[in-house]
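Visitor: One file: structure.cif (mmCIF, C-alpha atoms and all ligand atoms).
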data_entry
loop_
_atom_site.label_atom_id
_atom_site.label_comp_id
_atom_site.auth_asym_id
_atom_site.auth_seq_id
_atom_site.Cartn_x
_atom_site.Cartn_y
_atom_site.Cartn_z
CA MET A 19 -38.34 -15.18 -51.14
CA PRO A 20 -39.62 -11.58 -51.32
CA VAL A 21 -43.33 -10.70 -51.28
CA CYS A 22 -45.72 -8.19 -52.85
CA VAL A 23 -46.19 -5.38 -50.31
CA HIS A 24 -49.89 -5.06 -51.18
CA CYS A 25 -51.10 -8.67 -50.99
CA ALA A 26 -48.04 -10.63 -49.67
CA TYR A 27 -47.92 -12.80 -52.80
CA PRO A 28 -44.50 -14.55 -52.89
CA VAL A 29 -42.29 -13.80 -55.89
CA LYS A 30 -38.75 -14.64 -56.93
CA HIS A 31 -37.60 -11.10 -57.74
CA LEU A 32 -39.00 -7.64 -57.06
CA TYR A 33 -37.29 -5.84 -59.91
CA THR A 34 -35.03 -6.33 -62.88
CA VAL A 35 -31.69 -4.65 -63.55
CA TYR A 36 -30.58 -4.43 -67.14
CA LYS A 37 -26.91 -4.75 -67.92
CA THR A 38 -26.92 -2.29 -70.79
CA LYS A 39 -29.19 0.29 -69.11
CA SER A 40 -28.68 2.19 -65.87
CA ASN A 41 -32.36 2.02 -64.92
CA ILE A 42 -34.31 -0.69 -63.14
CA ARG A 43 -37.80 -1.99 -63.81
CA LEU A 44 -40.14 -2.77 -60.93
CA GLY A 45 -41.95 -6.09 -61.14
CA VAL A 46 -45.74 -6.30 -61.23
CA CYS A 47 -47.65 -8.63 -58.90
CA PRO A 48 -49.39 -11.49 -60.74
CA GLN A 49 -52.10 -11.53 -58.08
CA CYS A 50 -53.07 -7.87 -57.48
CA ASP A 51 -51.54 -6.28 -60.59
CA GLN A 52 -49.71 -3.53 -58.66
CA PHE A 53 -45.97 -2.83 -58.48
CA LEU A 54 -44.50 -5.49 -56.17
CA ASP A 55 -42.50 -3.15 -53.91
CA PRO A 56 -42.21 0.55 -54.84
CA LEU A 57 -40.39 1.15 -51.52
CA ILE A 58 -37.13 -0.28 -52.85
CA GLU A 59 -36.69 3.04 -54.66
CA HIS A 60 -37.72 5.23 -51.72
CA PRO A 61 -35.30 6.94 -49.30
CA THR A 62 -35.15 5.98 -45.62
CA LEU A 63 -37.13 9.08 -44.62
CA ILE A 64 -40.18 7.81 -46.54
CA LEU A 65 -39.85 4.44 -44.79
CA ILE A 66 -39.79 6.19 -41.39
CA LEU A 67 -42.84 8.27 -42.35
CA ASP A 68 -44.65 5.11 -43.46
CA LEU A 69 -43.83 3.53 -40.10
CA VAL A 70 -45.21 6.58 -38.28
CA LEU A 71 -48.36 6.48 -40.44
CA LEU A 72 -48.71 2.72 -39.79
CA LYS A 73 -48.75 1.63 -43.43
CA SER A 74 -48.77 -2.12 -43.83
CA ARG A 75 -46.58 -1.98 -46.95
CA VAL A 76 -43.57 -0.70 -44.96
CA TYR A 77 -43.73 -3.67 -42.56
CA LEU A 78 -43.85 -6.17 -45.42
CA HIS A 79 -40.97 -4.32 -47.10
CA LEU A 80 -38.78 -4.23 -43.98
CA LEU A 81 -39.54 -7.76 -42.83
CA PHE A 82 -39.43 -9.64 -46.11
CA ASN A 83 -37.93 -7.59 -48.94
CA ARG A 84 -35.00 -5.63 -47.59
CA GLY A 85 -31.85 -6.64 -49.45
CA ALA A 86 -33.69 -8.88 -51.93
CA PRO A 87 -31.50 -9.27 -55.01
CA PRO A 88 -32.86 -8.16 -58.39
CA LEU A 89 -33.18 -10.34 -61.44
CA GLU A 90 -29.98 -9.88 -63.38
CA THR A 91 -29.46 -11.76 -66.59
CA THR A 92 -25.68 -11.92 -66.21
CA VAL A 93 -25.37 -12.74 -62.49
CA PRO A 94 -26.32 -16.15 -61.07
CA ASP A 95 -29.01 -16.20 -58.36
CA ILE A 96 -27.68 -15.95 -54.81
CA ASP A 97 -29.34 -17.71 -51.90
CA PHE A 98 -31.48 -14.87 -50.56
CA ASN A 99 -33.07 -16.95 -47.80
CA THR A 100 -29.75 -17.65 -46.02
CA LYS A 101 -28.70 -14.02 -46.35
CA ARG A 102 -32.11 -12.90 -45.07
CA ARG A 103 -31.84 -15.02 -41.92
CA SER A 104 -28.56 -13.40 -40.95
CA ASP A 105 -29.91 -9.93 -41.88
CA VAL A 106 -32.94 -10.44 -39.62
CA TRP A 107 -30.68 -11.34 -36.66
CA THR A 108 -28.30 -8.46 -37.37
CA ASP A 109 -31.21 -5.99 -37.51
CA MET A 110 -32.73 -7.43 -34.35
CA ILE A 111 -29.50 -7.10 -32.36
CA MET A 112 -28.86 -3.57 -33.65
CA LEU A 113 -32.42 -2.34 -32.97
CA SER A 114 -32.46 -4.03 -29.54
CA ALA A 115 -29.26 -2.20 -28.60
CA MET A 116 -30.79 1.11 -29.76
CA ALA A 117 -33.99 0.41 -27.80
CA VAL A 118 -32.03 -0.42 -24.63
CA ILE A 119 -29.89 2.74 -24.91
CA ALA A 120 -32.94 4.96 -25.60
CA GLU A 121 -35.04 3.46 -22.81
CA THR A 122 -32.16 3.58 -20.28
CA THR A 123 -31.48 7.22 -21.13
CA LEU A 124 -35.18 8.06 -20.76
CA ARG A 125 -35.46 6.41 -17.35
CA ILE A 126 -32.31 8.05 -16.04
CA LEU A 127 -33.46 11.46 -17.31
CA ALA A 128 -36.90 10.96 -15.80
CA SER A 129 -35.60 9.70 -12.45
CA THR A 130 -34.09 12.99 -11.41
CA SER A 131 -34.75 16.65 -12.02
CA ILE A 132 -31.02 17.50 -12.19
CA PRO A 133 -29.65 14.55 -14.14
CA GLU A 134 -26.05 15.74 -14.31
CA ALA A 135 -25.81 15.90 -10.53
CA ALA A 136 -27.44 12.61 -9.61
CA ILE A 137 -26.29 10.10 -12.24
CA SER A 138 -24.00 7.46 -10.81
CA GLU A 139 -22.38 4.50 -12.50
CA SER A 140 -24.31 2.02 -10.39
CA SER A 141 -27.67 3.64 -11.23
CA ILE A 142 -26.86 3.48 -14.95
CA LEU A 143 -25.85 -0.18 -14.62
CA ARG A 144 -28.97 -1.10 -12.65
CA THR A 145 -31.26 0.71 -15.09
CA THR A 146 -29.57 -0.93 -18.07
CA VAL A 147 -29.90 -4.42 -16.54
CA LEU A 148 -33.56 -3.73 -15.71
CA VAL A 149 -34.31 -2.49 -19.24
CA VAL A 150 -32.58 -5.52 -20.82
CA LEU A 151 -34.51 -7.94 -18.57
CA GLU A 152 -37.83 -6.24 -19.30
CA LEU A 153 -37.15 -6.24 -23.05
CA LEU A 154 -36.26 -9.94 -22.92
CA ALA A 155 -39.39 -10.75 -20.90
CA GLN A 156 -41.62 -8.81 -23.28
CA HIS A 157 -40.15 -10.25 -26.46
CA LEU A 158 -39.90 -13.84 -25.21
CA THR A 159 -43.48 -13.83 -23.91
CA THR A 160 -44.86 -12.29 -27.10
CA THR A 161 -42.88 -14.66 -29.33
CA LEU A 162 -43.74 -17.83 -27.39
CA LEU A 163 -47.42 -16.92 -27.15
CA THR A 164 -47.55 -16.11 -30.86
CA LEU A 165 -45.86 -19.41 -31.76
CA VAL A 166 -48.43 -21.29 -29.66
CA VAL A 167 -51.30 -19.50 -31.45
CA LEU A 168 -49.73 -20.11 -34.87
CA ARG A 169 -49.22 -23.79 -34.06
CA VAL A 170 -52.85 -24.16 -32.99
CA LYS A 171 -53.91 -22.53 -36.25
CA GLY A 172 -51.59 -24.84 -38.22
CA TRP A 173 -49.97 -21.78 -39.82
CA TYR A 174 -46.45 -22.27 -38.43
CA PRO A 175 -45.06 -24.88 -38.67
CA SER A 176 -47.48 -25.21 -41.59
CA SER A 177 -49.83 -28.17 -41.33
CA THR A 178 -49.98 -30.81 -44.06
CA THR A 179 -53.22 -29.38 -45.47
CA THR A 180 -51.66 -26.00 -46.20
CA THR A 181 -48.41 -27.44 -47.53
CA THR A 182 -50.09 -29.72 -50.02
CA SER A 183 -52.39 -27.00 -51.34
CA LYS A 184 -49.98 -24.39 -52.65
CA THR A 185 -50.24 -21.30 -50.44
CA THR A 186 -50.06 -17.83 -51.94
CA ASP A 187 -49.29 -16.18 -48.59
CA GLY A 188 -45.67 -15.06 -48.78
CA ARG A 189 -45.70 -14.29 -45.05
CA GLN A 190 -46.29 -17.96 -44.27
CA ILE A 191 -43.66 -19.24 -46.71
CA ASN A 192 -41.00 -16.83 -45.39
CA PHE A 193 -41.98 -16.79 -41.72
CA LEU A 194 -39.23 -16.85 -39.09
CA PRO A 195 -39.91 -16.64 -35.32
CA ALA A 196 -37.30 -13.85 -35.10
CA LEU A 197 -39.62 -11.65 -37.19
CA ILE A 198 -41.92 -11.27 -34.16
CA PRO A 199 -39.44 -9.38 -31.92
CA LEU A 200 -38.16 -7.54 -35.00
CA THR A 201 -41.70 -6.28 -35.70
CA LEU A 202 -42.02 -5.14 -32.07
CA LEU A 203 -38.72 -3.28 -32.35
CA TYR A 204 -39.66 -1.58 -35.63
CA SER A 205 -42.94 -0.51 -34.00
CA SER A 206 -41.69 0.64 -30.61
CA LEU A 207 -38.41 2.31 -31.47
CA LEU A 208 -39.89 5.40 -33.16
CA PRO A 209 -42.23 6.33 -30.26
CA LEU A 210 -39.28 5.75 -27.90
CA LEU A 211 -37.02 8.07 -29.89
CA LEU A 212 -39.86 10.60 -30.11
CA GLN A 213 -40.19 10.53 -26.33
CA LEU A 214 -36.44 10.99 -25.94
CA PHE A 215 -36.53 13.94 -28.33
CA LEU A 216 -39.46 15.55 -26.50
CA MET A 217 -37.74 15.07 -23.12
CA ILE A 218 -35.08 17.55 -24.25
CA TYR A 219 -37.74 20.27 -24.42
CA TYR A 220 -40.24 19.10 -21.84
CA ARG A 221 -39.81 17.60 -18.40
CA PRO A 222 -42.86 16.44 -16.49
CA PRO A 223 -43.19 18.53 -13.30
CA THR A 224 -41.65 16.87 -10.25
CA THR A 225 -43.60 18.93 -7.73
CA SER A 226 -47.30 18.81 -8.17
CA ILE A 227 -49.43 21.40 -9.82
CA ARG A 228 -52.22 18.89 -9.87
CA SER A 229 -55.75 19.41 -11.02
CA VAL A 230 -58.65 18.14 -8.93
CA PRO A 231 -62.31 18.36 -9.88
CA SER A 232 -64.09 21.37 -8.37
CA PRO A 233 -66.89 20.74 -5.81
CA GLN A 234 -69.40 21.98 -8.41
CA ALA A 235 -68.13 19.43 -10.94
CA MET A 236 -68.17 16.66 -8.35
CA ALA A 237 -71.80 17.50 -7.50
CA LEU A 238 -72.73 16.44 -11.04
CA PHE A 239 -71.77 12.85 -10.24
CA PRO A 240 -73.94 10.54 -8.14
CA PRO A 241 -72.41 9.80 -4.70
CA PHE A 242 -71.28 6.26 -5.62
CA ALA A 243 -69.38 7.59 -8.66
CA GLN A 244 -67.59 10.41 -6.83
CA GLU A 245 -65.03 8.10 -5.23
CA LEU A 246 -64.33 6.55 -8.65
CA VAL A 247 -63.80 9.99 -10.18
CA LEU A 248 -61.40 10.96 -7.38
CA GLU A 249 -59.51 7.69 -7.82
CA ALA A 250 -59.25 8.23 -11.60
CA THR A 251 -58.02 11.79 -11.01
CA ARG A 252 -55.36 10.59 -8.56
CA PHE A 253 -54.19 7.97 -11.10
CA TRP A 254 -54.11 10.53 -13.92
CA ASN A 255 -52.18 13.03 -11.77
CA GLY A 256 -49.66 10.37 -10.81
CA THR A 257 -49.00 9.33 -14.41
CA ASP A 258 -46.20 10.62 -16.55
CA ARG A 259 -48.45 11.65 -19.43
CA LEU A 260 -45.69 11.96 -22.00
CA ARG A 261 -44.51 8.45 -21.19
CA ALA A 262 -48.07 7.09 -21.12
CA GLY A 263 -48.81 8.70 -24.49
CA THR A 264 -45.72 7.38 -26.25
CA ARG A 265 -46.21 3.94 -24.66
CA LEU A 266 -49.75 3.83 -25.97
CA LEU A 267 -48.48 4.83 -29.41
CA GLY A 268 -45.83 2.08 -29.22
CA GLY A 269 -48.41 -0.48 -28.14
CA MET A 270 -50.78 0.44 -30.96
CA SER A 271 -47.94 0.29 -33.49
CA SER A 272 -46.83 -3.12 -32.15
CA GLY A 273 -50.36 -4.46 -32.46
CA PHE A 274 -50.65 -3.12 -35.98
CA GLY A 275 -47.22 -4.49 -36.99
CA LEU A 276 -48.07 -7.96 -35.68
CA ARG A 277 -51.41 -7.83 -37.49
CA VAL A 278 -49.52 -7.24 -40.76
CA LEU A 279 -47.05 -10.07 -40.07
CA LEU A 280 -49.47 -12.66 -38.67
CA PRO A 281 -52.83 -14.16 -39.62
CA THR A 282 -54.16 -13.61 -36.08
CA LYS A 283 -57.47 -11.95 -35.22
CA PRO A 284 -57.39 -8.41 -33.73
CA TRP A 285 -58.34 -9.62 -30.23
CA GLU A 286 -55.68 -12.37 -30.36
CA THR A 287 -53.02 -9.83 -31.33
CA THR A 288 -54.18 -7.47 -28.56
CA VAL A 289 -53.96 -10.24 -25.95
CA ILE A 290 -50.48 -11.23 -27.20
CA VAL A 291 -49.19 -7.62 -27.05
CA LEU A 292 -50.72 -7.04 -23.61
CA ALA A 293 -49.25 -10.31 -22.28
CA GLY A 294 -45.79 -9.11 -23.35
CA TRP A 295 -46.32 -5.82 -21.52
CA VAL A 296 -47.59 -7.54 -18.38
CA ALA A 297 -44.61 -9.94 -18.37
CA ALA A 298 -42.17 -7.03 -18.73
CA ALA A 299 -43.87 -4.97 -16.01
CA GLY A 300 -44.13 -8.00 -13.68
CA LEU A 301 -40.47 -8.91 -14.04
CA GLY A 302 -39.44 -5.24 -13.71
CA ASN A 303 -41.37 -4.86 -10.45
CA ALA A 304 -40.05 -8.17 -9.09
CA VAL A 305 -36.42 -7.23 -9.82
CA GLN A 306 -36.86 -3.75 -8.34
CA SER A 307 -38.43 -5.05 -5.12
CA MET A 308 -35.63 -7.66 -4.90
CA TRP A 309 -33.03 -4.90 -5.23
CA SER A 310 -34.76 -2.77 -2.60
CA LEU A 311 -34.37 -5.66 -0.13
CA ILE A 312 -30.62 -5.95 -0.67
ZN ZN A 401 -49.88 -8.22 -54.94
#
Any chance you could put this one into structure tokens?
Ligand SMILES: [Zn+2]
Guide:
Amino acid sequence: MPVCVHCAYPVKHLYTVYKTKSNIRLGVCPQCDQFLDPLIEHPTLILILDLVLLKSRVYLHLLFNRGAPPLETTVPDIDFNTKRRSDVWTDMIMLSAMAVIAETTLRILASTSIPEAAISESSILRTTVLVVLELLAQHLTTTLLTLVVLRVKGWYPSSTTTTTSKTTDGRQINFLPALIPLTLLYSSLLPLLLQLFLMIYYRPPTTSIRSVPSPQAMALFPPFAQELVLEATRFWNGTDRLRAGTRLLGGMSSGFGLRVLLPTKPWETTVIVLAGWVAAAGLGNAVQSMWSLI
């Protein structure tokens, strides 16, 4: 069942197609009085821009309304829910594959200054396995943690109190656990592709032209803070800033996407997203140290 992209009110059809006319008519939401989903008429570029600008309507459109059949007087209703389930899985597998390819390429490019010379089949295989494992760890942790929170809240599976009183939250009626990793993929793929695109023009320096605070600047800090400042500078110098920036963008987008999909509080969503990251980083480090022992 599709939803209004402004208030998530569940509706049967988003628009009507007339047999005798070539135009369509967008439906109006009975709850907020706005067009249910104007994005069904928009090209993909607008959807991508909306994703970059973190507009909630694009998440509701992609997660709930994509492929929703119109109301047609001559054609019998098809079972949209069954079709939607298979579409969600198809999208998830396709986007996961894209994320793995993009992330693997990024890591291989970043691991060496002359990529063409140093790439070997085994390094590509190892990086791919590592990326797949980290992606699985992140998505499984985020999904399981979210399902626990939703169960505690009685939102999914919906408790008897919410089922008996008719809910007007289309997100709850149409919720599928697979929407959680799909939201993460929609959110993280664009920053990942942006990073890949930027890597073509910019490579972080491999040898250090590193900035350190001048003695005059250090004198401004009290003695106990100077060591902290030096430590922070060392950390900042050792960080791939392009990667850190796009990761931060991806994390913020993921948090925002999950906030649109779920009824969780901002701090709950932040904890869930961070837990996914920690699980991925922990597993990644464990696998790498295991490989270094072999
Ligand atoms: Zn509405």
Visitor: Which of these residues is nearest to ligand ZN 401 (chain A), using all atoms listed in the file: A:Val29, A:Val35, A:Leu163, A:Cys50?
Guide: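 Nearest to ligand ZN 401 (chain A): A:Cys50.
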Visitor: What does the distance from CA of Leu311 in chain A to CA of Leu148 in chain A come to in Å, to one decimal?
Guide: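 Going from CA of Leu311 in chain A over to CA of Leu148 in chain A covers 15.7 Å.
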Visitor: Find the nearest atom pair between each residue of chain A and ligand ZN 401 (chain A) for residues within 10 Å, count only C-alpha atoms and all ligand atoms, give distances in Å to one decimal, sort rows by chain and ascending number, and present the table as a tab-separated table.
Guide:
residue	atom	partner	partner_atom	distance
A:Val21	CA	A:ZN401	ZN	7.9
A:Cys22	CA	A:ZN401	ZN	4.7
A:Val23	CA	A:ZN401	ZN	6.6
A:His24	CA	A:ZN401	ZN	4.9
A:Cys25	CA	A:ZN401	ZN	4.2
A:Ala26	CA	A:ZN401	ZN	6.1
A:Tyr27	CA	A:ZN401	ZN	5.4
A:Pro28	CA	A:ZN401	ZN	8.6
A:Val29	CA	A:ZN401	ZN	9.5
A:Val46	CA	A:ZN401	ZN	7.8
A:Cys47	CA	A:ZN401	ZN	4.6
A:Pro48	CA	A:ZN401	ZN	6.7
A:Gln49	CA	A:ZN401	ZN	5.1
A:Cys50	CA	A:ZN401	ZN	4.1
A:Asp51	CA	A:ZN401	ZN	6.2
A:Gln52	CA	A:ZN401	ZN	6.0
A:Phe53	CA	A:ZN401	ZN	7.5
A:Leu54	CA	A:ZN401	ZN	6.2
A:Asp55	CA	A:ZN401	ZN	9.0
Visitor: Write to file, as a PDB file, in the coordinates of the input, the residues of the selection just made, with C-alpha atoms.
Guide:
ATOM      1  CA  VAL A  21     -43.330 -10.700 -51.280  1.00  0.00           C
ATOM      2  CA  CYS A  22     -45.720  -8.190 -52.850  1.00  0.00           C
ATOM      3  CA  VAL A  23     -46.190  -5.380 -50.310  1.00  0.00           C
ATOM      4  CA  HIS A  24     -49.890  -5.060 -51.180  1.00  0.00           C
ATOM      5  CA  CYS A  25     -51.100  -8.670 -50.990  1.00  0.00           C
ATOM      6  CA  ALA A  26     -48.040 -10.630 -49.670  1.00  0.00           C
ATOM      7  CA  TYR A  27     -47.920 -12.800 -52.800  1.00  0.00           C
ATOM      8  CA  PRO A  28     -44.500 -14.550 -52.890  1.00  0.00           C
ATOM      9  CA  VAL A  29     -42.290 -13.800 -55.890  1.00  0.00           C
ATOM     10  CA  VAL A  46     -45.740  -6.300 -61.230  1.00  0.00           C
ATOM     11  CA  CYS A  47     -47.650  -8.630 -58.900  1.00  0.00           C
ATOM     12  CA  PRO A  48     -49.390 -11.490 -60.740  1.00  0.00           C
ATOM     13  CA  GLN A  49     -52.100 -11.530 -58.080  1.00  0.00           C
ATOM     14  CA  CYS A  50     -53.070  -7.870 -57.480  1.00  0.00           C
ATOM     15  CA  ASP A  51     -51.540  -6.280 -60.590  1.00  0.00           C
ATOM     16  CA  GLN A  52     -49.710  -3.530 -58.660  1.00  0.00           C
ATOM     17  CA  PHE A  53     -45.970  -2.830 -58.480  1.00  0.00           C
ATOM     18  CA  LEU A  54     -44.500  -5.490 -56.170  1.00  0.00           C
ATOM     19  CA  ASP A  55     -42.500  -3.150 -53.910  1.00  0.00           C
TER      20      ASP A  55
END
Visitor: Here is a test: counting all atoms listed in the file, which residue of A:Leu210, A:Val166, A:Leu153, A:Val278 is nearest to Gly300 in chain A?
Guide: A:Leu153
Visitor: Neighbouring residues of range 189-200 of chain A were defined as those with any atom within 6 Å, considering only C-alpha atoms; residues of the same chain fewer than 4 positions away were excluded. Please report them as a PyMOL selection string.
Guide: chain A and resi 110+157+161
Visitor: Hey, which of A:Phe98, A:Leu203, A:Leu89, A:Leu158 ends up closest to Gly45 in chain A? Count only C-alpha atoms.
Guide: A:Leu89
Visitor: Which distance in Å separates CA of Ala298 in chain A and CA of Val150 in chain A, to one decimal?
Guide: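 So the two atoms, CA of Ala298 in chain A and CA of Val150 in chain A, lie 9.9 Å apart.
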Visitor: Nearest to Leu208 in chain A: which of A:Leu69, A:Val167, A:Ala299, A:Leu127 is it, counting only C-alpha atoms?
Guide: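 Residue with the minimum atom-to-atom distance to Leu208 in chain A: A:Leu69.
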Visitor: Of the candidates A:Met19, A:Ile64, A:Val305, A:Val291, which shows the shortest atom-to-atom distance to Leu162 in chain A, using all atoms listed in the file?
Guide: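 Of all the options, A:Val291 lies closest to Leu162 in chain A.
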Visitor: Kindly indicate which residue among A:Thr122, A:Thr282, A:Thr34, A:Ser272 lies nearest to Thr201 in chain A, using all atoms listed in the file for the distances.
Guide: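 Among the listed residues, the smallest separation from Thr201 in chain A belongs to A:Ser272.
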